[in-house]
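Source file: final-v3.txt (compact mmCIF, C-alpha atoms)
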```txt
# COMPACT_ATOMS: atom_id res chain seq x y z
CA MET A 1 175.25 -15.04 89.16
CA ALA A 2 176.84 -18.39 89.70
CA PHE A 3 179.47 -20.79 88.54
CA THR A 4 178.28 -22.38 85.31
CA THR A 5 181.29 -23.99 83.74
CA THR A 6 184.82 -25.31 84.11
CA VAL A 7 186.74 -23.35 81.54
CA MET A 8 190.14 -22.10 80.46
CA PRO A 9 190.05 -18.31 80.13
CA THR A 10 190.73 -16.92 76.66
CA SER A 11 193.28 -14.53 78.15
CA PHE A 12 195.27 -17.52 79.42
CA LYS A 13 195.45 -19.03 75.93
CA GLN A 14 196.74 -15.73 74.63
CA GLN A 15 199.27 -15.45 77.44
CA ILE A 16 200.61 -18.94 76.76
CA LEU A 17 201.65 -17.66 73.33
CA GLN A 18 203.19 -14.61 75.03
CA ALA A 19 205.23 -16.83 77.39
CA LYS A 20 203.64 -15.33 80.50
CA HIS A 21 203.22 -18.61 82.38
CA ASN A 22 205.90 -21.07 83.43
CA PHE A 23 204.58 -24.35 84.83
CA ALA A 24 207.98 -26.02 85.01
CA THR A 25 209.54 -26.95 88.34
CA GLY A 26 211.07 -23.77 89.72
CA GLY A 27 208.82 -21.69 87.45
CA ASN A 28 205.94 -19.45 88.52
CA THR A 29 203.82 -19.80 91.66
CA PHE A 30 200.21 -20.75 91.01
CA LYS A 31 197.44 -20.42 93.57
CA LEU A 32 193.87 -21.61 93.90
CA ALA A 33 191.21 -19.39 95.47
CA LEU A 34 187.71 -20.52 96.48
CA TYR A 35 184.51 -18.57 95.76
CA ASN A 36 180.89 -18.43 96.80
CA ASN A 37 177.96 -18.66 94.43
CA SER A 38 177.90 -14.94 93.71
CA ALA A 39 181.08 -15.24 91.67
CA SER A 40 180.51 -15.22 87.92
CA PHE A 41 183.62 -16.47 86.18
CA THR A 42 183.59 -17.28 82.48
CA ALA A 43 186.04 -17.66 79.60
CA ALA A 44 186.24 -13.86 79.69
CA THR A 45 187.70 -13.88 83.23
CA THR A 46 191.17 -12.40 83.21
CA ALA A 47 192.51 -12.24 86.77
CA TYR A 48 192.19 -13.13 90.43
CA THR A 49 189.77 -11.03 92.44
CA THR A 50 188.93 -10.87 96.13
CA THR A 51 185.26 -10.21 95.29
CA ASN A 52 183.10 -13.14 96.40
CA GLU A 53 186.10 -15.11 97.67
CA VAL A 54 185.22 -17.26 100.68
CA ALA A 55 186.28 -16.00 104.11
CA ALA A 56 189.50 -17.10 105.74
CA SER A 57 189.02 -20.20 107.87
CA GLY A 58 191.43 -22.79 109.24
CA SER A 59 194.36 -23.04 106.84
CA TYR A 60 192.47 -21.10 104.14
CA ALA A 61 193.66 -17.49 103.89
CA ALA A 62 192.74 -14.70 101.48
CA GLY A 63 194.26 -15.43 98.09
CA GLY A 64 193.81 -19.16 98.56
CA GLY A 65 196.42 -21.90 98.70
CA THR A 66 199.61 -22.41 96.75
CA LEU A 67 199.48 -25.27 94.29
CA THR A 68 202.31 -27.77 94.07
CA LYS A 69 203.28 -28.07 90.43
CA GLN A 70 204.03 -31.46 88.95
CA GLY A 71 206.15 -30.10 86.13
CA VAL A 72 205.57 -30.23 82.41
CA SER A 73 205.67 -33.51 80.55
CA THR A 74 204.49 -35.14 77.35
CA SER A 75 202.43 -38.20 76.57
CA GLY A 76 202.36 -39.17 72.92
CA THR A 77 201.83 -35.92 71.04
CA THR A 78 200.18 -34.17 74.01
CA ALA A 79 202.00 -31.80 76.37
CA LEU A 80 200.54 -31.59 79.85
CA THR A 81 200.94 -30.18 83.30
CA ASP A 82 199.20 -30.94 86.57
CA PHE A 83 199.06 -30.01 90.24
CA SER A 84 199.02 -32.03 93.44
CA ASP A 85 195.72 -32.14 95.32
CA LEU A 86 195.21 -29.12 97.55
CA SER A 87 193.73 -29.38 101.06
CA PHE A 88 192.59 -26.74 103.53
CA THR A 89 192.36 -28.12 107.05
CA THR A 90 190.29 -27.26 110.13
CA ALA A 91 188.28 -25.09 107.78
CA THR A 92 184.63 -24.11 107.72
CA ILE A 93 184.03 -23.35 104.05
CA THR A 94 181.20 -23.41 101.56
CA ALA A 95 182.46 -22.95 98.01
CA PHE A 96 180.87 -23.37 94.59
CA GLY A 97 184.01 -23.08 92.51
CA ALA A 98 187.59 -21.94 92.30
CA LEU A 99 190.00 -19.89 90.27
CA ILE A 100 193.57 -20.94 89.53
CA TYR A 101 195.82 -17.96 88.90
CA ASN A 102 199.47 -17.09 88.43
CA ASP A 103 200.64 -15.41 91.62
CA THR A 104 204.05 -14.57 90.13
CA ALA A 105 202.92 -12.76 87.00
CA THR A 106 201.89 -9.12 87.22
CA GLY A 107 198.15 -8.71 87.81
CA ASP A 108 197.58 -12.30 89.01
CA PRO A 109 196.32 -13.53 85.60
CA ALA A 110 193.72 -16.30 85.56
CA VAL A 111 194.66 -19.81 84.46
CA ALA A 112 191.51 -21.85 84.98
CA VAL A 113 187.96 -21.53 86.26
CA LEU A 114 186.76 -24.60 88.15
CA ASN A 115 183.06 -25.27 88.66
CA PHE A 116 182.34 -27.66 91.55
CA GLY A 117 178.83 -28.33 90.26
CA GLY A 118 177.17 -27.17 93.47
CA ALA A 119 177.93 -26.20 97.03
CA LYS A 120 180.80 -28.06 98.69
CA THR A 121 181.00 -27.63 102.43
CA SER A 122 183.40 -28.50 105.21
CA THR A 123 182.69 -27.72 108.85
CA ALA A 124 185.80 -27.54 111.02
CA GLY A 125 187.15 -30.16 108.64
CA THR A 126 189.18 -30.74 105.52
CA PHE A 127 188.33 -29.23 102.14
CA THR A 128 190.27 -30.99 99.38
CA ILE A 129 190.38 -30.15 95.68
CA VAL A 130 191.37 -33.26 93.77
CA PHE A 131 193.15 -32.86 90.46
CA PRO A 132 192.86 -35.61 87.87
CA ALA A 133 195.75 -37.94 87.10
CA ALA A 134 198.43 -36.43 84.86
CA THR A 135 197.57 -38.25 81.65
CA ALA A 136 197.14 -37.20 78.02
CA THR A 137 193.36 -37.43 78.41
CA GLY A 138 192.87 -36.39 82.03
CA ALA A 139 195.42 -33.77 83.12
CA ILE A 140 194.03 -30.40 84.11
CA ILE A 141 195.97 -28.52 81.38
CA ARG A 142 196.76 -30.27 78.12
CA ILE A 143 197.87 -29.08 74.70
CA ALA A 144 197.40 -31.57 71.88
CA MET B 1 197.89 -24.07 59.30
CA LEU B 2 199.25 -25.46 62.55
CA ASP B 3 196.46 -26.10 65.04
CA LEU B 4 197.25 -25.97 68.74
CA LYS B 5 194.38 -27.35 70.80
CA PHE B 6 193.86 -27.26 74.53
CA GLY B 7 192.18 -30.37 75.87
CA GLN B 8 188.75 -29.94 77.44
CA MET B 9 189.20 -29.18 81.12
CA PRO B 10 187.93 -31.95 83.38
CA ASN B 11 185.57 -31.05 86.20
CA PRO B 12 187.39 -31.09 89.52
CA ILE B 13 186.48 -33.44 92.33
CA VAL B 14 186.06 -31.98 95.80
CA LYS B 15 186.18 -34.03 98.99
CA THR B 16 185.15 -32.51 102.29
CA SER B 17 184.82 -33.60 105.88
CA ASP B 18 183.28 -32.23 109.06
CA PHE B 19 184.97 -31.95 112.46
CA GLY B 20 188.16 -33.71 111.40
CA GLY B 21 190.14 -34.85 108.40
CA LEU B 22 189.19 -37.01 105.46
CA SER B 23 188.44 -40.67 106.19
CA CYS B 24 190.72 -43.55 105.23
CA GLU B 25 188.05 -44.57 102.70
CA ASP B 26 188.19 -41.16 101.00
CA LEU B 27 191.98 -41.04 101.01
CA SER B 28 192.42 -44.57 99.70
CA GLU B 29 190.00 -43.78 96.87
CA LEU B 30 191.90 -40.60 95.97
CA CYS B 31 195.22 -42.43 96.11
CA THR B 32 193.98 -45.26 93.90
CA ASP B 33 192.59 -42.81 91.36
CA LYS B 34 196.08 -41.36 90.98
CA ILE B 35 197.67 -44.77 90.55
CA ILE B 36 195.19 -46.50 88.25
CA GLY B 37 193.01 -45.10 85.54
CA VAL B 38 190.79 -47.30 83.41
CA ALA B 39 190.03 -45.98 79.95
CA GLU B 40 186.35 -46.12 79.07
CA ASN B 41 187.21 -47.32 75.58
CA ALA B 42 189.42 -50.18 76.79
CA PRO B 43 188.39 -53.70 75.69
CA PRO B 44 185.89 -55.21 78.20
CA ALA B 45 188.24 -57.99 79.34
CA ILE B 46 191.05 -55.55 80.09
CA ARG B 47 188.63 -53.16 81.76
CA GLU B 48 187.40 -55.93 84.05
CA GLN B 49 190.95 -56.95 84.96
CA ALA B 50 191.90 -53.35 85.62
CA LYS B 51 188.81 -52.86 87.77
CA PHE B 52 189.66 -55.95 89.82
CA PHE B 53 193.26 -54.78 90.23
CA ARG B 54 192.05 -51.31 91.20
CA GLU B 55 189.85 -52.76 93.97
CA ARG B 56 192.82 -54.76 95.33
CA VAL B 57 195.07 -51.72 95.33
CA GLN B 58 192.40 -49.64 97.07
CA ARG B 59 191.90 -52.30 99.78
CA THR B 60 195.66 -52.46 100.36
CA VAL B 61 196.06 -48.69 100.52
CA PHE B 62 193.07 -48.50 102.87
CA GLU B 63 194.58 -51.06 105.29
CA TYR B 64 197.93 -49.29 105.42
CA LEU B 65 196.29 -45.90 105.88
CA LYS B 66 194.40 -47.33 108.86
CA GLN B 67 197.69 -48.62 110.28
CA ALA B 68 199.36 -45.24 109.68
CA LYS B 69 196.50 -43.51 111.45
CA ARG B 70 196.79 -45.84 114.46
CA ALA B 71 200.57 -45.43 114.55
CA GLU B 72 200.35 -41.64 114.39
CA ARG B 73 197.73 -41.58 117.13
CA ALA B 74 199.91 -43.77 119.34
CA THR B 75 202.79 -41.33 118.81
CA CYS B 76 200.56 -38.37 119.69
CA ILE B 77 199.35 -40.13 122.85
CA GLN B 78 202.96 -40.69 123.92
CA ILE B 79 203.91 -37.07 123.20
CA CYS B 80 200.98 -35.86 125.33
CA ALA B 81 201.68 -38.33 128.13
CA GLN B 82 205.41 -37.53 128.26
CA GLY B 83 204.59 -33.82 128.24
CA GLY B 84 202.45 -34.25 131.33
CA GLU B 85 199.19 -33.84 129.41
CA GLN B 86 197.54 -37.00 130.67
CA ASP B 87 194.00 -35.72 130.04
CA ALA B 88 194.84 -35.00 126.40
CA ALA B 89 196.48 -38.42 126.10
CA ASN B 90 193.34 -40.06 127.49
CA LEU B 91 191.14 -38.05 125.13
CA LEU B 92 193.16 -39.24 122.16
CA ARG B 93 193.14 -42.80 123.44
CA ARG B 94 189.34 -42.81 123.63
CA ALA B 95 188.71 -40.97 120.34
```

Represent the structure from my file as structure tokens, please.
Amino acid sequence: MAFTTTVMPTSFKQQILQAKHNFATGGNTFKLALYNNSASFTAATTAYTTTNEVAASGSYAAGGGTLTKQGVSTSGTTALTDFSDLSFTTATITAFGALIYNDTATGDPAVAVLNFGGAKTSTAGTFTIVFPAATATGAIIRIA
Amino acid sequence: MLDLKFGQMPNPIVKTSDFGGLSCEDLSELCTDKIIGVAENAPPAIREQAKFFRERVQRTVFEYLKQAKRAERATCIQICAQGGEQDAANLLRRA
């Protein structure tokens, strides 16, 4: 199997309506874990798993890195939230995609599946995941 | 019926480097992307102006990142030298 799409899991949409995620400053802790090409995440993905996660290297440890939230804001009639870019340093990593999950909520529920579109590799270097600008049309999570 | 729609998730961008950190070129590009976004449906004249402005901002950010890098390296060299690590200081000086 492989990463095929960047998608918001259906379970996350349900959990938003159940108030299980808090993206506000001081809210929940969200993490991003990297995966190899054997991972097969889809809209049906529900939670973080260690299966097929890349090995620890440099500043990358099992479970991935903690994302810095940028709070919740609005632009026009769209509500949005975003994260700061996340970097792993001195790391030898090959990853095909990532999973954002809620590390505070019980069961580490999935928030987003990110498909890198191919292998991304760093060798004793920096591996940076760049999030789009926090706008009504570009932010990683938007509700219109 | 009230319709609540999640926007389509954008594909993430990944930047990587080997045997060291990201380059000033990469970082200045990432920084500029956060500061300036040009809508694809903007009028051509505005898009051109925005593009020109974006290039200027990126050049400026790039120059200051280079200066920051040099300044940080100079500090590291001094820390090594004052700590009696002359070989490390020389290594950094030559790198």

Would you kindly report the residues of chain A within 6 Å of chain B, using only C-alpha atoms, as number ranges by chain?
A: 122-130, 133, 140, 142-144

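CA of Phe88 in chain A lies 15.8 Å from CA of Phe30 in chain A.
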
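Here CA of Asn28 in chain A is placed at a distance of 27.5 Å from CA of Leu2 in chain B.
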
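When CA of Asn36 in chain A is paired with CA of Gly97 in chain A, their separation reads 7.1 Å.
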
From the set A:Leu86, A:Ala24, A:Val113, A:Ala39, which residue has the shortest atom-to-atom contact distance to Leu99 in chain A, counting all atoms listed in the file?
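Once distances to Leu99 in chain A are computed over all atoms listed in the file, the minimum belongs to A:Val113.
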
With distances taken over only C-alpha atoms, which residue among B:Ala68, B:Ala88, B:Val57, B:Cys80 lies nearest Cys31 in chain B?
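Ranking B:Ala68, B:Ala88, B:Val57, B:Cys80 by distance to Cys31 in chain B, first place goes to B:Val57.
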
If I wrap all listed atoms of range 71-80 of chain A in a box with edges along x, y and z and add 5 Å on each side, what are its centre and edge lengths in Å to one decimal, as JSON?
```
{"center_x": 203.2, "center_y": -34.6, "center_z": 78.6, "size_x": 16.0, "size_y": 19.1, "size_z": 25.1}
```

Can you list, as a count of residues only, every protein, DNA or RNA residue that comes within 8 Å of Arg93 in chain B when you count all atoms listed in the file, leaving out same-chain residues fewer than 3 positions away?
5

Which polymer residues have any atom within 12 Å of an atom of Glu55 in chain B, counting only C-alpha atoms, with same-chain residues fewer than 4 positions away left out, as a count of residues only?
17

Nearby residues (only C-alpha atoms) at most 10 Å from Glu53 in chain A, same-chain spacing under 3 positions excluded, as JSON, numbers by chain:
{"A": [33, 34, 35, 36, 37, 38, 39, 48, 49, 50, 56, 62, 63, 64, 95, 97, 98, 99]}

Would you fill the gaps in range 22-44 of chain B so it has N, CA and C atoms, then print it as a PDB file, keeping the file's coordinate frame?
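And here is the file that came out, rebuild13.pdb:
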```pdb
ATOM      1  N   LEU B  22     189.841 -36.054 106.354  1.00  0.00           N
ATOM      2  CA  LEU B  22     189.190 -37.010 105.460  1.00  0.00           C
ATOM      3  C   LEU B  22     189.357 -38.426 106.014  1.00  0.00           C
ATOM      4  N   SER B  23     188.404 -39.290 105.687  1.00  0.00           N
ATOM      5  CA  SER B  23     188.440 -40.670 106.190  1.00  0.00           C
ATOM      6  C   SER B  23     189.442 -41.495 105.386  1.00  0.00           C
ATOM      7  N   CYS B  24     189.814 -42.636 105.950  1.00  0.00           N
ATOM      8  CA  CYS B  24     190.720 -43.550 105.230  1.00  0.00           C
ATOM      9  C   CYS B  24     190.079 -44.014 103.928  1.00  0.00           C
ATOM     10  N   GLU B  25     188.744 -44.154 103.924  1.00  0.00           N
ATOM     11  CA  GLU B  25     188.050 -44.570 102.700  1.00  0.00           C
ATOM     12  C   GLU B  25     188.250 -43.517 101.604  1.00  0.00           C
ATOM     13  N   ASP B  26     188.023 -42.246 101.980  1.00  0.00           N
ATOM     14  CA  ASP B  26     188.190 -41.160 101.000  1.00  0.00           C
ATOM     15  C   ASP B  26     189.618 -41.120 100.474  1.00  0.00           C
ATOM     16  N   LEU B  27     190.572 -41.174 101.405  1.00  0.00           N
ATOM     17  CA  LEU B  27     191.980 -41.040 101.010  1.00  0.00           C
ATOM     18  C   LEU B  27     192.443 -42.205 100.157  1.00  0.00           C
ATOM     19  N   SER B  28     191.986 -43.413 100.496  1.00  0.00           N
ATOM     20  CA  SER B  28     192.420 -44.570  99.700  1.00  0.00           C
ATOM     21  C   SER B  28     191.830 -44.493  98.290  1.00  0.00           C
ATOM     22  N   GLU B  29     190.622 -43.948  98.198  1.00  0.00           N
ATOM     23  CA  GLU B  29     190.000 -43.780  96.870  1.00  0.00           C
ATOM     24  C   GLU B  29     190.785 -42.761  96.041  1.00  0.00           C
ATOM     25  N   LEU B  30     191.140 -41.637  96.679  1.00  0.00           N
ATOM     26  CA  LEU B  30     191.900 -40.600  95.970  1.00  0.00           C
ATOM     27  C   LEU B  30     193.254 -41.132  95.521  1.00  0.00           C
ATOM     28  N   CYS B  31     193.905 -41.877  96.414  1.00  0.00           N
ATOM     29  CA  CYS B  31     195.220 -42.430  96.110  1.00  0.00           C
ATOM     30  C   CYS B  31     195.132 -43.396  94.928  1.00  0.00           C
ATOM     31  N   THR B  32     194.126 -44.263  94.967  1.00  0.00           N
ATOM     32  CA  THR B  32     193.980 -45.260  93.900  1.00  0.00           C
ATOM     33  C   THR B  32     193.683 -44.595  92.565  1.00  0.00           C
ATOM     34  N   ASP B  33     192.898 -43.533  92.606  1.00  0.00           N
ATOM     35  CA  ASP B  33     192.590 -42.810  91.360  1.00  0.00           C
ATOM     36  C   ASP B  33     193.852 -42.266  90.700  1.00  0.00           C
ATOM     37  N   LYS B  34     194.831 -41.887  91.535  1.00  0.00           N
ATOM     38  CA  LYS B  34     196.080 -41.360  90.980  1.00  0.00           C
ATOM     39  C   LYS B  34     196.942 -42.474  90.392  1.00  0.00           C
ATOM     40  N   ILE B  35     196.808 -43.672  90.974  1.00  0.00           N
ATOM     41  CA  ILE B  35     197.670 -44.770  90.550  1.00  0.00           C
ATOM     42  C   ILE B  35     197.108 -45.470  89.311  1.00  0.00           C
ATOM     43  N   ILE B  36     195.800 -45.705  89.327  1.00  0.00           N
ATOM     44  CA  ILE B  36     195.190 -46.500  88.250  1.00  0.00           C
ATOM     45  C   ILE B  36     194.033 -45.768  87.598  1.00  0.00           C
ATOM     46  N   GLY B  37     194.119 -45.638  86.303  1.00  0.00           N
ATOM     47  CA  GLY B  37     193.010 -45.100  85.540  1.00  0.00           C
ATOM     48  C   GLY B  37     192.576 -46.134  84.511  1.00  0.00           C
ATOM     49  N   VAL B  38     191.285 -46.316  84.377  1.00  0.00           N
ATOM     50  CA  VAL B  38     190.790 -47.300  83.410  1.00  0.00           C
ATOM     51  C   VAL B  38     190.080 -46.555  82.286  1.00  0.00           C
ATOM     52  N   ALA B  39     190.622 -46.679  81.095  1.00  0.00           N
ATOM     53  CA  ALA B  39     190.030 -45.980  79.950  1.00  0.00           C
ATOM     54  C   ALA B  39     188.656 -46.549  79.634  1.00  0.00           C
ATOM     55  N   GLU B  40     187.715 -45.662  79.354  1.00  0.00           N
ATOM     56  CA  GLU B  40     186.350 -46.120  79.070  1.00  0.00           C
ATOM     57  C   GLU B  40     186.271 -46.890  77.765  1.00  0.00           C
ATOM     58  N   ASN B  41     187.240 -46.623  76.878  1.00  0.00           N
ATOM     59  CA  ASN B  41     187.210 -47.320  75.580  1.00  0.00           C
ATOM     60  C   ASN B  41     188.119 -48.541  75.556  1.00  0.00           C
ATOM     61  N   ALA B  42     188.588 -48.971  76.739  1.00  0.00           N
ATOM     62  CA  ALA B  42     189.420 -50.180  76.790  1.00  0.00           C
ATOM     63  C   ALA B  42     188.557 -51.406  76.498  1.00  0.00           C
ATOM     64  N   PRO B  43     189.157 -52.475  75.934  1.00  0.00           N
ATOM     65  CA  PRO B  43     188.390 -53.700  75.690  1.00  0.00           C
ATOM     66  C   PRO B  43     187.793 -54.220  77.002  1.00  0.00           C
ATOM     67  N   PRO B  44     186.581 -54.781  76.967  1.00  0.00           N
ATOM     68  CA  PRO B  44     185.890 -55.210  78.200  1.00  0.00           C
ATOM     69  C   PRO B  44     186.720 -56.103  79.097  1.00  0.00           C
TER      70      PRO B  44
END
```
